[in-house]
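For reference, data_14.cif (mmCIF, C-alpha atoms):
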data_model
loop_
_atom_site.label_atom_id
_atom_site.label_comp_id
_atom_site.auth_asym_id
_atom_site.auth_seq_id
_atom_site.Cartn_x
_atom_site.Cartn_y
_atom_site.Cartn_z
CA MET A 1402 17.38 -9.53 0.01
CA ASP A 1403 17.33 -12.65 -2.18
CA LYS A 1404 17.16 -12.41 -5.97
CA LYS A 1405 13.61 -13.77 -6.28
CA THR A 1406 12.22 -11.24 -3.81
CA ARG A 1407 14.00 -8.39 -5.57
CA ASP A 1408 12.76 -9.56 -8.98
CA ASP A 1409 9.19 -9.79 -7.70
CA LEU A 1410 9.39 -6.29 -6.24
CA LEU A 1411 10.82 -4.88 -9.46
CA LYS A 1412 7.87 -6.36 -11.37
CA LEU A 1413 5.57 -4.46 -9.01
CA PHE A 1414 7.61 -1.31 -9.61
CA GLN A 1415 7.35 -1.80 -13.37
CA SER A 1416 3.55 -2.22 -13.14
CA LYS A 1417 3.39 1.40 -11.98
CA LEU A 1418 5.46 2.82 -14.82
CA ASP A 1419 2.85 4.43 -17.01
CA GLU A 1420 3.56 7.60 -18.99
CA ALA A 1421 2.65 9.98 -16.15
CA MET A 1422 4.79 8.12 -13.61
CA ARG A 1423 7.81 8.11 -15.90
CA LEU A 1424 7.35 11.85 -16.36
CA TYR A 1425 7.42 12.37 -12.58
CA LEU A 1426 10.50 10.18 -12.26
CA GLU A 1427 12.40 11.84 -15.11
CA THR A 1428 11.56 15.51 -14.62
CA CYS A 1429 12.65 16.77 -11.17
CA THR A 1430 15.43 19.38 -11.43
CA ARG A 1431 15.87 19.72 -7.63
CA CYS A 1432 14.96 23.37 -7.92
CA GLY A 1433 13.87 23.48 -4.27
CA VAL A 1434 10.51 25.17 -4.84
CA CYS A 1435 8.80 22.33 -2.97
CA THR A 1436 11.02 22.71 0.11
CA GLU A 1437 8.63 24.82 2.16
CA ALA A 1438 5.49 23.16 0.78
CA CYS A 1439 5.43 20.16 3.13
CA HIS A 1440 3.83 20.74 6.54
CA ALA A 1441 6.19 18.16 8.09
CA TYR A 1442 9.30 20.00 6.87
CA ALA A 1443 7.84 23.42 7.74
CA SER A 1444 7.05 22.17 11.25
CA MET A 1445 10.12 20.04 11.96
CA GLY A 1446 12.82 21.36 9.61
CA GLN A 1447 14.26 17.94 8.69
CA VAL A 1448 15.51 17.44 5.13
CA LYS A 1449 13.98 13.96 4.84
CA TYR A 1450 10.51 15.54 4.77
CA ILE A 1451 11.18 17.67 1.67
CA ALA A 1452 9.12 16.37 -1.26
CA ALA A 1453 12.11 16.12 -3.60
CA TYR A 1454 13.97 14.05 -0.99
CA ARG A 1455 11.08 11.59 -0.84
CA HIS A 1456 11.08 11.46 -4.66
CA GLU A 1457 14.77 10.62 -4.77
CA ILE A 1458 14.38 7.49 -2.65
CA VAL A 1459 12.08 6.07 -5.34
CA ARG A 1460 13.88 7.70 -8.25
CA ARG A 1461 17.29 6.19 -7.43
CA ILE A 1462 15.85 2.69 -7.44
CA TYR A 1463 14.25 3.54 -10.79
CA LYS A 1464 17.62 4.71 -12.12
CA ARG A 1465 19.34 1.52 -10.96
CA TYR A 1466 16.95 -0.96 -12.59
CA PHE A 1467 15.09 0.85 -15.34
CA LYS A 1468 17.75 3.14 -16.87
CA GLY A 1469 20.66 1.97 -19.04
CA ARG A 1470 23.31 3.95 -17.16
CA GLY A 1471 22.10 2.62 -13.80
CA ARG A 1472 22.32 -0.96 -14.96
CA VAL A 1473 25.82 -0.54 -16.47
CA TRP A 1474 27.42 2.10 -14.21
CA PRO A 1475 25.17 2.71 -11.18
CA ALA A 1476 27.56 4.99 -9.26
CA VAL A 1477 27.47 7.70 -11.95
CA GLY A 1478 23.70 8.06 -12.01
CA GLU A 1479 23.26 8.03 -8.22
CA ALA A 1480 21.45 4.71 -8.58
CA LYS A 1481 20.49 2.71 -5.49
CA GLU A 1482 20.15 -1.02 -4.84
CA LEU A 1483 16.75 -2.33 -3.79
CA SER A 1484 17.59 -3.78 -0.38
CA GLU A 1485 16.15 -4.12 3.12
CA MET A 1486 17.70 -0.76 3.95
CA ALA A 1487 16.01 0.78 0.92
CA LEU A 1488 12.67 -0.66 2.09
CA ASP A 1489 13.16 1.03 5.48
CA GLU A 1490 13.72 4.34 3.70
CA LEU A 1491 10.66 3.78 1.52
CA TYR A 1492 8.55 3.08 4.61
CA GLU A 1493 9.60 6.28 6.35
CA ALA A 1494 9.03 8.33 3.20
CA ALA A 1495 5.61 6.81 2.44
CA TYR A 1496 4.23 6.91 5.98
CA SER A 1497 5.38 10.39 6.82
CA CYS A 1498 3.63 11.70 3.69
CA THR A 1499 -0.10 12.41 3.93
CA GLY A 1500 -0.60 12.59 0.15
CA CYS A 1501 -1.94 16.12 0.52
CA ARG A 1502 -0.32 17.23 -2.77
CA ARG A 1503 0.48 20.71 -1.48
CA CYS A 1504 3.97 20.26 -2.93
CA MET A 1505 2.42 19.48 -6.30
CA VAL A 1506 0.72 22.89 -6.58
CA TYR A 1507 4.10 24.56 -5.98
CA CYS A 1508 6.13 22.32 -8.31
CA PRO A 1509 6.70 24.00 -11.72
CA PHE A 1510 6.41 20.55 -13.36
CA GLY A 1511 3.43 19.35 -11.31
CA ILE A 1512 5.27 16.30 -9.97
CA ASP A 1513 2.79 14.24 -7.95
CA THR A 1514 4.41 13.06 -4.72
CA GLN A 1515 1.39 10.96 -3.78
CA MET A 1516 1.78 8.99 -7.02
CA LEU A 1517 5.49 8.41 -6.39
CA MET A 1518 4.72 7.30 -2.82
CA SER A 1519 2.22 4.82 -4.30
CA ILE A 1520 5.25 3.00 -5.76
CA ALA A 1521 6.86 2.95 -2.33
CA LYS A 1522 3.68 1.56 -0.73
CA LEU A 1523 3.28 -1.12 -3.38
CA LEU A 1524 6.88 -2.28 -2.85
CA LEU A 1525 6.25 -2.45 0.90
CA ILE A 1526 3.16 -4.58 0.31
CA GLY A 1527 5.16 -6.90 -1.96
CA ALA A 1528 7.81 -7.27 0.74
CA HIS A 1529 5.13 -7.74 3.45
CA THR A 1530 6.49 -4.77 5.39
CA GLU A 1531 3.47 -2.47 5.10
CA PRO A 1532 1.54 -1.48 8.29
CA GLU A 1533 -0.26 -4.68 9.26
CA ILE A 1534 -3.29 -2.89 10.68
CA LEU A 1535 -4.10 -1.19 7.36
CA THR A 1536 -3.99 -4.47 5.46
CA MET A 1537 -6.13 -6.13 8.12
CA LEU A 1538 -8.73 -3.34 7.92
CA ALA A 1539 -8.77 -3.57 4.11
CA ASP A 1540 -9.22 -7.36 4.23
CA THR A 1541 -12.04 -7.01 6.79
CA SER A 1542 -13.79 -4.50 4.56
CA ILE A 1543 -13.50 -6.81 1.54
CA GLU A 1544 -14.80 -9.81 3.50
CA LYS A 1545 -17.76 -7.76 4.71
CA GLY A 1546 -18.66 -7.11 1.09
CA ARG A 1547 -18.51 -10.82 0.31
CA SER A 1548 -20.63 -11.80 3.32
CA LEU A 1549 -23.39 -9.22 3.17
CA ALA A 1550 -26.06 -11.66 4.36
CA LEU A 1551 -24.17 -12.30 7.62
CA PHE A 1552 -24.26 -8.70 8.84
CA LYS A 1553 -27.37 -7.38 7.08
CA GLU A 1554 -29.84 -8.11 9.90
CA SER A 1555 -27.71 -6.54 12.63
CA PHE A 1556 -27.05 -3.54 10.36
CA LEU A 1557 -30.79 -2.99 9.84
CA THR A 1558 -31.40 -3.23 13.60
CA GLY A 1559 -28.66 -0.70 14.32
CA ILE A 1560 -30.03 1.75 11.77
CA LYS A 1561 -33.56 1.37 13.17
CA ASN A 1562 -32.21 2.38 16.58
CA LEU A 1563 -30.80 5.60 15.10
CA GLU A 1564 -34.10 6.78 13.59
CA ALA A 1565 -35.29 8.43 16.83
CA GLU A 1566 -32.15 10.63 16.80
CA VAL A 1567 -32.92 11.70 13.23
CA VAL A 1568 -36.48 12.64 14.17
CA LYS A 1569 -35.15 14.81 17.03
CA LYS A 1570 -33.27 16.88 14.45
CA TRP A 1571 -36.04 16.92 11.87
CA ARG A 1572 -39.69 16.25 12.57
CA MET A 1573 -41.01 13.55 10.23
CA GLU A 1574 -44.47 13.02 8.84
CA ALA A 1575 -46.31 10.07 10.36
CA GLY A 1576 -45.45 6.81 8.67
CA GLU A 1577 -42.30 8.06 6.91
CA THR A 1578 -39.01 6.21 7.29
CA ALA A 1579 -36.28 8.39 8.76
CA ILE A 1580 -33.43 6.28 7.32
CA PRO A 1581 -34.53 4.42 4.15
CA ILE A 1582 -32.46 1.40 3.15
CA ASP A 1583 -32.28 -0.69 -0.04
CA VAL A 1584 -34.68 1.56 -1.97
CA GLU A 1585 -34.59 0.71 -5.66
CA GLY A 1586 -35.00 3.76 -7.91
CA ALA A 1587 -33.88 6.24 -5.25
CA ASP A 1588 -32.39 9.43 -6.64
CA LEU A 1589 -29.46 9.39 -4.20
CA LEU A 1590 -27.42 6.65 -2.50
CA TYR A 1591 -25.70 7.96 0.63
CA VAL A 1592 -22.49 6.14 1.59
CA ALA A 1593 -21.68 6.81 5.23
CA LEU A 1594 -19.07 5.82 7.77
CA ALA A 1595 -19.78 3.53 10.70
CA GLY A 1596 -21.38 5.48 13.52
CA ALA A 1597 -24.27 7.79 14.28
CA HIS A 1598 -22.17 10.92 13.70
CA SER A 1599 -21.96 10.12 9.96
CA ILE A 1600 -25.55 8.95 9.51
CA VAL A 1601 -27.87 10.97 11.78
CA PRO A 1602 -27.05 14.56 10.65
CA ALA A 1603 -27.01 13.58 6.96
CA ALA A 1604 -30.33 11.71 7.29
CA ALA A 1605 -31.97 14.72 8.95
CA ILE A 1606 -30.80 17.00 6.12
CA PHE A 1607 -31.90 14.60 3.37
CA ASP A 1608 -35.31 14.29 5.01
CA ALA A 1609 -35.62 18.05 5.45
CA ALA A 1610 -34.84 18.50 1.75
CA GLY A 1611 -37.46 15.94 0.76
CA GLU A 1612 -34.76 13.87 -0.92
CA ASN A 1613 -35.63 10.49 -2.43
CA TRP A 1614 -32.63 8.75 -0.90
CA THR A 1615 -31.38 5.46 0.47
CA LEU A 1616 -28.51 4.48 2.76
CA SER A 1617 -25.72 2.20 1.52
CA PHE A 1618 -25.03 -1.09 3.30
CA PHE A 1619 -21.31 -0.37 2.96
CA GLU A 1620 -18.93 2.00 4.73
CA ALA A 1621 -17.33 4.71 2.62
CA VAL A 1622 -13.77 4.38 3.93
CA ASN A 1623 -11.31 2.64 1.60
CA PHE A 1624 -8.44 1.12 3.57
CA GLY A 1625 -7.08 -0.37 0.36
CA ALA A 1626 -6.23 3.16 -0.76
CA PHE A 1627 -4.58 3.97 2.59
CA VAL A 1628 -2.28 0.96 2.39
CA GLY A 1629 -1.68 1.53 -1.33
CA ASP A 1630 -2.98 -1.78 -2.67
CA PRO A 1631 -4.63 -1.19 -6.08
CA THR A 1632 -6.43 -4.56 -6.10
CA LYS A 1633 -7.97 -4.10 -2.66
CA THR A 1634 -8.82 -0.47 -3.43
CA ARG A 1635 -10.78 -1.64 -6.47
CA LEU A 1636 -12.56 -4.45 -4.60
CA ILE A 1637 -13.74 -2.07 -1.86
CA LEU A 1638 -14.76 0.55 -4.42
CA ASP A 1639 -16.65 -1.95 -6.58
CA ARG A 1640 -18.99 -2.94 -3.72
CA ILE A 1641 -20.51 0.55 -3.78
CA VAL A 1642 -20.50 0.78 -7.58
CA GLN A 1643 -22.41 -2.51 -7.87
CA GLU A 1644 -24.87 -1.51 -5.15
CA ALA A 1645 -25.57 1.79 -6.93
CA LYS A 1646 -26.17 -0.05 -10.22
CA ARG A 1647 -28.42 -2.62 -8.54
CA LEU A 1648 -30.57 0.11 -6.98
CA LYS A 1649 -30.51 2.18 -10.22
CA VAL A 1650 -29.71 5.41 -8.36
CA LYS A 1651 -28.91 8.68 -10.14
CA GLU A 1652 -26.27 9.91 -7.69
CA VAL A 1653 -23.82 8.43 -5.20
CA CYS A 1654 -23.15 10.84 -2.35
CA ILE A 1655 -20.03 10.19 -0.27
CA CYS A 1656 -20.00 11.25 3.37
CA GLU A 1657 -17.37 13.42 5.04
CA CYS A 1658 -14.44 11.16 4.16
CA GLY A 1659 -11.79 12.67 1.89
CA THR A 1660 -10.13 9.54 0.54
CA ALA A 1661 -13.47 7.78 0.00
CA PHE A 1662 -14.70 10.73 -2.07
CA ARG A 1663 -11.52 11.02 -4.14
CA VAL A 1664 -11.41 7.28 -4.86
CA MET A 1665 -15.08 7.14 -5.90
CA LYS A 1666 -14.87 10.35 -7.94
CA GLN A 1667 -11.59 9.69 -9.70
CA LEU A 1668 -11.21 5.90 -9.88
CA SER A 1669 -14.73 4.56 -10.52
CA GLY A 1670 -14.64 5.42 -14.23
CA LYS A 1671 -17.66 6.20 -16.37
CA GLN A 1672 -20.81 5.09 -14.56
CA PRO A 1673 -24.59 5.59 -14.97
CA PHE A 1674 -24.64 7.78 -11.85
CA GLU A 1675 -23.08 11.03 -10.67
CA VAL A 1676 -20.63 11.14 -7.75
CA SER A 1677 -20.78 13.95 -5.20
CA ALA A 1678 -19.44 14.87 -1.79
CA VAL A 1679 -22.10 15.41 0.86
CA THR A 1680 -20.91 19.03 1.16
CA GLU A 1681 -21.80 19.59 -2.50
CA VAL A 1682 -25.27 18.16 -1.92
CA HIS A 1683 -25.91 20.35 1.14
CA ALA A 1684 -24.81 23.45 -0.77
CA ARG A 1685 -27.17 22.47 -3.59
CA TYR A 1686 -30.09 22.17 -1.17
CA LEU A 1687 -29.40 25.67 0.14
CA ARG A 1688 -29.12 27.14 -3.37
CA GLU A 1689 -32.39 25.52 -4.43
CA GLY A 1690 -34.21 26.50 -1.25
CA ARG A 1691 -34.85 22.89 -0.30
CA ILE A 1692 -33.53 23.47 3.23
CA LYS A 1693 -33.26 26.55 5.42
CA VAL A 1694 -30.89 27.14 8.31
CA ASP A 1695 -30.91 29.52 11.26
CA LYS A 1696 -27.95 31.88 10.81
CA SER A 1697 -28.18 33.00 14.43
CA ARG A 1698 -27.38 29.48 15.65
CA PHE A 1699 -23.64 30.18 15.64
CA LYS A 1700 -23.64 33.99 15.42
CA LYS A 1701 -21.70 34.64 18.62
CA LYS A 1702 -18.74 32.48 17.66
CA PRO A 1703 -16.26 33.16 14.82
CA ILE A 1704 -15.89 30.11 12.58
CA THR A 1705 -13.01 28.92 10.41
CA TYR A 1706 -12.91 25.99 8.01
CA HIS A 1707 -10.21 23.44 7.31
CA ASP A 1708 -10.24 22.21 3.72
CA PRO A 1709 -9.65 18.43 3.64
CA CYS A 1710 -6.88 17.92 1.09
CA GLN A 1711 -8.55 15.00 -0.71
CA ILE A 1712 -11.86 16.86 -1.04
CA ALA A 1713 -10.57 20.35 -1.81
CA ARG A 1714 -7.09 20.43 -3.35
CA ASN A 1715 -7.37 16.93 -4.82
CA GLY A 1716 -11.12 16.85 -5.44
CA GLY A 1717 -12.04 20.43 -6.34
CA VAL A 1718 -14.73 20.96 -3.67
CA ILE A 1719 -13.74 24.42 -2.44
CA ASP A 1720 -16.58 26.91 -2.99
CA GLU A 1721 -19.40 24.73 -1.61
CA PRO A 1722 -18.36 24.66 2.07
CA ARG A 1723 -17.91 28.42 2.00
CA TYR A 1724 -21.36 28.86 0.50
CA ILE A 1725 -22.76 26.76 3.36
CA LEU A 1726 -20.87 28.77 5.96
CA GLU A 1727 -22.24 32.02 4.52
CA HIS A 1728 -25.64 30.70 5.59
CA LEU A 1729 -24.43 29.64 9.03
CA THR A 1730 -22.42 32.64 10.19
CA GLY A 1731 -21.63 36.29 9.61
CA ASP A 1732 -18.18 35.81 11.13
CA PHE A 1733 -16.29 33.39 8.89
CA GLN A 1734 -12.49 33.59 9.07
CA GLU A 1735 -10.42 32.16 6.20
CA MET A 1736 -7.21 30.32 7.07
CA SER A 1737 -5.51 30.99 3.75
CA PRO A 1738 -6.05 33.58 0.99
CA ASP A 1739 -6.20 30.70 -1.50
CA PRO A 1740 -7.61 27.39 -0.16
CA ARG A 1741 -5.56 25.43 -2.70
CA TYR A 1742 -2.47 26.35 -0.67
CA ASN A 1743 -4.01 25.59 2.72
CA TRP A 1744 -1.87 23.52 5.08
CA CYS A 1745 -2.68 19.83 5.47
CA CYS A 1746 -3.93 18.84 8.92
CA GLY A 1747 -1.26 16.12 9.07
CA GLY A 1748 -3.56 13.12 9.43
CA GLY A 1749 -4.07 11.79 5.90
CA GLY A 1750 -2.44 8.95 4.00
CA GLY A 1751 -3.46 6.37 6.61
CA LEU A 1752 -1.61 8.13 9.46
CA VAL A 1753 -4.74 8.67 11.59
CA ALA A 1754 -5.77 5.04 11.02
CA LEU A 1755 -2.43 3.97 12.52
CA GLY A 1756 -3.50 5.65 15.78
CA GLU A 1757 -1.02 5.85 18.65
CA ASP A 1758 1.82 4.60 16.45
CA THR A 1759 1.84 7.90 14.55
CA LEU A 1760 0.49 10.26 17.22
CA ASP A 1761 3.81 11.83 18.22
CA PHE A 1762 4.80 12.45 14.60
CA ARG A 1763 1.35 13.78 13.71
CA MET A 1764 1.47 16.29 16.56
CA LYS A 1765 4.99 17.52 15.77
CA SER A 1766 4.57 17.60 11.99
CA ALA A 1767 1.37 19.70 12.09
CA LYS A 1768 2.61 22.63 14.17
CA VAL A 1769 2.16 24.97 11.19
CA LYS A 1770 -1.50 23.92 11.01
CA VAL A 1771 -1.97 24.80 14.67
CA ASP A 1772 -0.42 28.22 14.10
CA GLN A 1773 -2.70 28.75 11.10
CA VAL A 1774 -5.82 27.90 13.13
CA LYS A 1775 -4.80 30.13 16.04
CA ALA A 1776 -4.17 33.07 13.71
CA THR A 1777 -7.85 33.09 12.67
CA GLY A 1778 -9.07 33.73 16.20
CA ALA A 1779 -11.93 31.32 15.53
CA GLN A 1780 -13.81 29.49 18.27
CA ILE A 1781 -15.31 26.87 15.98
CA LEU A 1782 -13.11 24.85 13.62
CA ALA A 1783 -15.26 23.13 11.00
CA THR A 1784 -14.18 20.47 8.54
CA ALA A 1785 -15.74 17.86 6.23
CA CYS A 1786 -13.54 14.78 6.67
CA GLU A 1787 -13.41 12.09 9.35
CA ASN A 1788 -9.61 11.82 9.42
CA CYS A 1789 -9.24 15.59 9.50
CA HIS A 1790 -11.72 15.81 12.37
CA THR A 1791 -9.78 13.21 14.36
CA GLN A 1792 -6.41 14.83 13.67
CA LEU A 1793 -7.66 18.35 14.40
CA SER A 1794 -9.23 17.12 17.65
CA ASN A 1795 -5.90 15.54 18.61
CA LEU A 1796 -4.11 18.81 17.81
CA ASN A 1797 -6.72 20.75 19.77
CA ASP A 1798 -6.03 18.62 22.86
CA HIS A 1799 -2.25 18.52 22.41
CA TYR A 1800 -1.73 22.24 21.79
CA GLN A 1801 -4.73 23.43 23.83
CA MET A 1802 -6.08 25.51 20.94
CA GLY A 1803 -9.42 25.99 22.71
CA VAL A 1804 -11.58 25.51 19.61
CA ASP A 1805 -14.71 23.44 19.09
CA VAL A 1806 -13.90 20.99 16.25
CA ARG A 1807 -17.10 20.28 14.30
CA PHE A 1808 -18.23 18.39 11.24
CA LEU A 1809 -19.78 20.80 8.75
CA SER A 1810 -22.71 18.44 8.19
CA SER A 1811 -23.57 18.35 11.89
CA MET A 1812 -23.56 22.15 11.98
CA VAL A 1813 -26.04 22.25 9.09
CA ALA A 1814 -28.24 19.65 10.81
CA ASP A 1815 -28.17 21.56 14.12
CA ALA A 1816 -29.20 24.78 12.36
CA LEU A 1817 -32.09 23.34 10.31
CA VAL A 1818 -35.27 25.41 10.40
CA GLN A 1819 -38.43 23.29 10.67
#

For the structure just supplied, provide its representation as structure tokens.
Amino acid sequence: MDKKTRDDLLKLFQSKLDEAMRLYLETCTRCGVCTEACHAYASMGQVKYIAAYRHEIVRRIYKRYFKGRGRVWPAVGEAKELSEMALDELYEAAYSCTGCRRCMVYCPFGIDTQMLMSIAKLLLIGAHTEPEILTMLADTSIEKGRSLALFKESFLTGIKNLEAEVVKKWRMEAGETAIPIDVEGADLLYVALAGAHSIVPAAAIFDAAGENWTLSFFEAVNFGAFVGDPTKTRLILDRIVQEAKRLKVKEVCICECGTAFRVMKQLSGKQPFEVSAVTEVHARYLREGRIKVDKSRFKKKPITYHDPCQIARNGGVIDEPRYILEHLTGDFQEMSPDPRYNWCCGGGGGLVALGEDTLDFRMKSAKVKVDQVKATGAQILATACENCHTQLSNLNDHYQMGVDVRFLSSMVADALVQ
């Protein structure tokens, strides 16, 4: 690695060194409490998947260039040169970590592995060695935001074609619009993913609740966050923020997408609107009596629920899905006594978006999740995240679990009482 490249990468490293990050880099005592916390280590037993091992790859570069001893006498402080070999190690650490933060809830110091891996991802971007597909998807998303007029007409046509499916789930009054778009002054802006599965069930539930809502022009998913590019993350996030301000909505509701919810909830800053996950909104409708569901719809099948890490452990939405499931079934089976310690599905952090490239690792590293699901004896496996749904469906096929993997929102829509 030439000097200019290394200097440029070290500037990127330094840009991440706020007070919290320095605390994470300075504090680890290698106590080993995090050893069993990672689903990849618990499933595969390889030391390189222990959280503290991942930390050390970043920490030793930090010691070499940002600590006095490392600069003067690197061998003593276990410092490491930033080289092509180091970049390879950073890549493996960053893209075998789903950012689930299960290790963080075990760590006595609360060291945030996802934050440390954000340094690794930023260095990979600076060296142009990040996964190309993630950068391409992020760039496409940004360009779509800049060229709204080019796709607006086709988007409106596509949504119009979905309205009949919404009406099948919830009978509309004559003249009402099943999927309202670009409604100024709406109480709620719903930000969906591309595809009927994210729009139709949610629209039926909003309409059943009599919600004054409107659908966002933009997709919820934030590929900038997956690849770890702060600038692109902000550009993709700001499209939705500006749309919400333009329409003067009171609430932005994010669909079943864990990273999209966490980014909007935690990175958008103080705004004139509330941010909620669609699961929170559905639970609110049930509490307020705005919708009713038929509990007998799933009564013959035991149901379990997988907590998406970004929504539950990282976003705090834990009680709401269970409140919904109380209304859907009398046979709910918990996976874990405390959902905060639930195993990750193994698909987060951009791994599902990388598709076949990560499939073998995703299947092997999530064996503990498969065992956890099987132990419940459930026939329906519900979740509230697109990546989790994809990963759990892959696991279902690979390990022949024999469960029906469902989105929680689609279950609510299917059980609506007219």

Legend entry - Selection result of the PyMOL selection byres ((chain A and resi 1520-1529) around 10) on this file, as number ranges by chain: A: 1402, 1406-1407, 1409-1418, 1422, 1455-1456, 1458-1459, 1483, 1485, 1487-1496, 1515-1519, 1530-1533, 1536, 1627-1631

Exercise: Glu1727 (chain A) partners within 12 Å, all atoms listed in the file, chain neighbours under 4 positions left out, as a short mmCIF file (atom, residue, chain, number, x, y, z; two decimals) with C-alpha atoms, keeping the file's coordinate frame:
data_model
loop_
_atom_site.label_atom_id
_atom_site.label_comp_id
_atom_site.auth_asym_id
_atom_site.auth_seq_id
_atom_site.Cartn_x
_atom_site.Cartn_y
_atom_site.Cartn_z
CA ALA A 1684 -24.81 23.45 -0.77
CA LEU A 1687 -29.40 25.67 0.14
CA ARG A 1688 -29.12 27.14 -3.37
CA VAL A 1694 -30.89 27.14 8.31
CA ASP A 1695 -30.91 29.52 11.26
CA LYS A 1696 -27.95 31.88 10.81
CA SER A 1697 -28.18 33.00 14.43
CA PHE A 1699 -23.64 30.18 15.64
CA LYS A 1700 -23.64 33.99 15.42
CA PRO A 1703 -16.26 33.16 14.82
CA ILE A 1704 -15.89 30.11 12.58
CA THR A 1705 -13.01 28.92 10.41
CA TYR A 1706 -12.91 25.99 8.01
CA ASP A 1720 -16.58 26.91 -2.99
CA GLU A 1721 -19.40 24.73 -1.61
CA PRO A 1722 -18.36 24.66 2.07
CA ARG A 1723 -17.91 28.42 2.00
CA GLY A 1731 -21.63 36.29 9.61
CA ASP A 1732 -18.18 35.81 11.13
CA PHE A 1733 -16.29 33.39 8.89
CA GLN A 1734 -12.49 33.59 9.07
CA GLU A 1735 -10.42 32.16 6.20
CA VAL A 1813 -26.04 22.25 9.09
#

Inset, instruction - Run the PyMOL selection byres ((chain A and resi 1638) around 8) against the file shown and list the residues it catches, as an MDAnalysis selection string. - result: chainID A and resid 1623 1634:1637 1639:1642 1664:1665 1669

Inset, instruction - Could you give me, as a PyMOL selection string, the residues that have an atom at most 12 Å away from the point (-6.7, 18.7, 19.8) in the coordinates of the file, using only C-alpha atoms? - result: chain A and resi 1746+1760+1763-1764+1767-1768+1770-1771+1774+1782+1789-1807

Legend entry - Point-to-point distance from CA of Pro1740 (chain A) to CA of Ala1626 (chain A), Å rounded to tenths: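 Between CA of Pro1740 (chain A) and CA of Ala1626 (chain A) the gap works out to 24.3 Å.
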
Legend entry - Result set of the PyMOL selection byres ((chain A and resi 1541) around 12) on the coordinates above, as an NGL selection string: :A and (1534-1540 or 1542-1548 or 1620 or 1622-1625 or 1633 or 1636-1637)

Inset, instruction - Calculate how many Å separate CA of Leu1549 (chain A) from CA of Glu1644 (chain A), rounding to one decimal. - result: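 CA of Glu1644 (chain A) lies at a distance of 11.4 Å from CA of Leu1549 (chain A).
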
Legend entry - Selection near Gly1749 (chain A), 9 Å with all atoms listed in the file, sequence-local residues under 4 positions removed, as a ChimeraX atom specification: /A:1498-1501,1627,1659-1660,1709-1711,1745,1753-1754,1788-1789,1792

Legend entry - For CA of Ala1597 (chain A) and CA of Gln1667 (chain A), the interatomic separation in Å (one decimal):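 Separation of CA of Ala1597 (chain A) and CA of Gln1667 (chain A): 27.2 Å.
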
Inset, instruction - Find the spatial neighbours of Cys1654 (chain A), counting all atoms listed in the file, within a cut-off of 9 Å - ignore same-chain residues fewer than 3 positions away - and output them as a count of residues only. - result: 13

Inset, instruction - Would you mind telling me which residue in A:Asn1715, A:Ser1555, A:Thr1680, A:Gln1447 lies nearest to Met1505 (chain A) when using only C-alpha atoms? - result: A:Asn1715

Which centre and edge lengths in Å to one decimal define the box along x, y and z that fits every listed atom of region 1489-1498 of chain A plus 6 Å per side, as lines of an AutoDock Vina configuration file?
center_x = 8.7
center_y = 6.4
center_z = 4.2
size_x = 22.1
size_y = 22.7
size_z = 17.3
